[in-house]
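Structure first, then comments.
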Amino acid sequence: MTAEQYLDMCEMLGTEPSDEDMPVEQEDLIPEILLAYNIYSLLSPKFDSFNGGYYGKEYSNLKTLFEMYEVSVKEQKEYFKIILILDSIDTEQINARLKNKPAQSN
């Protein structure tokens with residue numbers, strides 16, 4: 001849901017918009033967060049093929065992505081922290097969805 005859709009929904013329901021519930025638009029993010037997100041989105045996902053769990057992203061090509069996006073060695077630690085936060089949130093949400101997903105019958 002976009003911020004505009006959220007505001008339209010609040011108007012239709014007659015409720016007061018909340019800054020806390022307002023969806024964030026990409027253009028609202030600072031460039032460093034946007035770059036970290038773009039790098040994060042290019043990392044490959046790791047799934048447990050036996051149990052169906054999600055382990056998060058595979059970081060083996062992170063150095064190559066930092067080089068490709070010209071992230072200085074000095075800045076890489078900060079970008080990595082942001083990427084770890086994104087991965088933690090994503091992993092938690094994906095595993096929650098997988099846990100609540102009904103089993104498929106053969």
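Naming works like this for the structure tokens: A, B, ... for the chains as they're shown, residue 1 at the start of each chain, ligands 1 onward in shown order.
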Output as a PyMOL selection string all residues of chain A that backbone DSSP marks as strand (DSSP E).
chain A and resi 45-47+54-57
For the selection you just gave me, I'd like the residues written to a file as a short mmCIF file (atom, residue, chain, number, x, y, z; two decimals), in the first residue's frame, keeping all heavy atoms.
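Generated output (out00.cif):
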```cif
data_model
loop_
_atom_site.label_atom_id
_atom_site.label_comp_id
_atom_site.auth_asym_id
_atom_site.auth_seq_id
_atom_site.Cartn_x
_atom_site.Cartn_y
_atom_site.Cartn_z
N PRO A 45 18.56 -15.67 -1.86
CA PRO A 45 17.93 -16.20 -0.65
C PRO A 45 18.44 -17.61 -0.34
O PRO A 45 18.85 -18.35 -1.23
CB PRO A 45 16.45 -16.23 -1.01
CG PRO A 45 16.42 -16.40 -2.49
CD PRO A 45 17.65 -15.69 -3.00
N LYS A 46 18.41 -17.97 0.97
CA LYS A 46 18.80 -19.32 1.41
C LYS A 46 17.59 -19.97 2.07
O LYS A 46 17.07 -19.47 3.06
CB LYS A 46 19.94 -19.27 2.43
CG LYS A 46 21.26 -18.80 1.89
CD LYS A 46 22.37 -18.96 2.92
CE LYS A 46 22.04 -18.21 4.19
NZ LYS A 46 23.12 -18.25 5.18
N PHE A 47 17.14 -21.09 1.50
CA PHE A 47 16.02 -21.83 2.06
C PHE A 47 16.49 -23.19 2.54
O PHE A 47 17.42 -23.76 1.99
CB PHE A 47 14.93 -22.06 0.98
CG PHE A 47 14.09 -20.85 0.72
CD1 PHE A 47 14.41 -19.97 -0.30
CD2 PHE A 47 12.97 -20.58 1.49
CE1 PHE A 47 13.64 -18.85 -0.55
CE2 PHE A 47 12.18 -19.47 1.25
CZ PHE A 47 12.52 -18.61 0.23
N TYR A 54 13.24 -20.50 5.95
CA TYR A 54 14.04 -19.49 5.25
C TYR A 54 15.16 -19.06 6.18
O TYR A 54 14.93 -18.69 7.32
CB TYR A 54 13.15 -18.29 4.88
CG TYR A 54 13.89 -17.18 4.19
CD1 TYR A 54 14.41 -17.34 2.92
CD2 TYR A 54 14.07 -15.96 4.82
CE1 TYR A 54 15.09 -16.31 2.28
CE2 TYR A 54 14.74 -14.91 4.19
CZ TYR A 54 15.25 -15.11 2.92
OH TYR A 54 15.93 -14.08 2.30
N TYR A 55 16.40 -19.12 5.69
CA TYR A 55 17.58 -18.78 6.49
C TYR A 55 18.03 -17.34 6.33
O TYR A 55 18.90 -16.89 7.06
CB TYR A 55 18.76 -19.67 6.11
CG TYR A 55 18.63 -21.11 6.55
CD1 TYR A 55 19.01 -22.13 5.71
CD2 TYR A 55 18.13 -21.45 7.80
CE1 TYR A 55 18.91 -23.46 6.10
CE2 TYR A 55 18.02 -22.76 8.20
CZ TYR A 55 18.42 -23.76 7.34
OH TYR A 55 18.32 -25.06 7.74
N GLY A 56 17.52 -16.63 5.36
CA GLY A 56 17.99 -15.28 5.10
C GLY A 56 18.76 -15.23 3.79
O GLY A 56 18.63 -16.11 2.94
N LYS A 57 19.57 -14.21 3.66
CA LYS A 57 20.32 -14.01 2.41
C LYS A 57 21.69 -14.66 2.48
O LYS A 57 22.27 -14.83 3.54
CB LYS A 57 20.49 -12.52 2.12
CG LYS A 57 19.18 -11.80 1.83
CD LYS A 57 18.62 -12.14 0.48
CE LYS A 57 17.45 -11.24 0.13
NZ LYS A 57 17.12 -11.26 -1.27
#
```
Would you pick out the contacts of range 73-89 of chain A at 7 Å or less, using only C-alpha atoms, so that residues sharing its chain but fewer than 3 positions from it are not included, and give the list as a ChimeraX atom specification?
/A:36-37,40,56-57,92-93
The selected residues should be written to file as an mmCIF file, in the first residue's frame (atoms: N, CA, C and O atoms).
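Here's the written file result17.cif:
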```cif
data_model
loop_
_atom_site.group_PDB
_atom_site.id
_atom_site.type_symbol
_atom_site.label_atom_id
_atom_site.label_comp_id
_atom_site.auth_asym_id
_atom_site.auth_seq_id
_atom_site.Cartn_x
_atom_site.Cartn_y
_atom_site.Cartn_z
ATOM 1 N N ALA A 36 21.638 0.467 0.370
ATOM 2 C CA ALA A 36 21.729 -0.770 1.151
ATOM 3 C C ALA A 36 20.593 -1.713 0.773
ATOM 4 O O ALA A 36 20.793 -2.921 0.620
ATOM 5 N N TYR A 37 19.393 -1.172 0.595
ATOM 6 C CA TYR A 37 18.247 -1.995 0.206
ATOM 7 C C TYR A 37 18.448 -2.588 -1.194
ATOM 8 O O TYR A 37 18.141 -3.755 -1.431
ATOM 9 N N TYR A 40 20.909 -5.349 -0.861
ATOM 10 C CA TYR A 40 20.254 -6.460 -0.167
ATOM 11 C C TYR A 40 19.351 -7.243 -1.124
ATOM 12 O O TYR A 40 19.341 -8.471 -1.111
ATOM 13 N N GLY A 56 17.525 -16.634 5.361
ATOM 14 C CA GLY A 56 17.994 -15.278 5.103
ATOM 15 C C GLY A 56 18.759 -15.226 3.794
ATOM 16 O O GLY A 56 18.630 -16.109 2.944
ATOM 17 N N LYS A 57 19.575 -14.208 3.658
ATOM 18 C CA LYS A 57 20.319 -14.015 2.408
ATOM 19 C C LYS A 57 21.692 -14.659 2.478
ATOM 20 O O LYS A 57 22.275 -14.833 3.543
ATOM 21 N N GLU A 92 12.310 -12.912 9.509
ATOM 22 C CA GLU A 92 11.228 -13.097 10.473
ATOM 23 C C GLU A 92 9.865 -13.095 9.779
ATOM 24 O O GLU A 92 9.020 -13.947 10.050
ATOM 25 N N GLN A 93 9.655 -12.165 8.868
ATOM 26 C CA GLN A 93 8.368 -12.067 8.173
ATOM 27 C C GLN A 93 8.131 -13.259 7.248
ATOM 28 O O GLN A 93 7.031 -13.807 7.205
#
```
Can you work out which one of A:Asp90, A:Ser72, A:Val24, A:Asp8 has the shortest atom-to-atom distance to Ser41 in chain A, counting only C-alpha atoms?
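The shortest atom-to-atom distance to Ser41 in chain A comes from A:Asp90.
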Computed interatomic separation between CA of Thr64 in chain A and CA of Ser44 in chain A (Å):
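CA of Ser44 in chain A lies at a distance of 13.1 Å from CA of Thr64 in chain A.
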Going by DSSP on the backbone, which residues of chain A come out as alpha helix (DSSP H)? List them as an MDAnalysis selection string.
chainID A and resid 3:13 31:42 62:68 73:100
Leaving out Gly53 in chain A and any residue of its chain fewer than 5 positions from it, which residues lie within 10 Å of it when counting only C-alpha atoms, given as a list in words?
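Near Gly53 in chain A, the qualifying residues are Lys46, Phe47, Asp48, Thr91, Ile94, Asn95, Ala96, Leu98 and Lys99 of chain A.
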Can those selected residues be exported to a file as a compact mmCIF listing (two decimals), in the first residue's frame so that it contains C-alpha atoms?
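The resulting file, again.txt, is reproduced below:
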```
# COMPACT_ATOMS: atom_id res chain seq x y z
CA LYS A 46 18.80 -19.32 1.41
CA PHE A 47 16.02 -21.83 2.06
CA ASP A 48 16.04 -25.07 4.04
CA THR A 91 13.66 -13.51 7.60
CA ILE A 94 9.00 -14.81 5.59
CA ASN A 95 9.22 -17.55 8.23
CA ALA A 96 6.00 -16.29 9.86
CA LEU A 98 5.67 -19.95 5.81
CA LYS A 99 4.58 -21.15 9.26
```
Measure the distance from CA of Glu70 in chain A to CA of Asp28 in chain A in Å and round it to one decimal.
22.6 Å
One decimal, in Å: what's the spacing between CA of Thr2 in chain A and CA of Gly14 in chain A?
18.1 Å
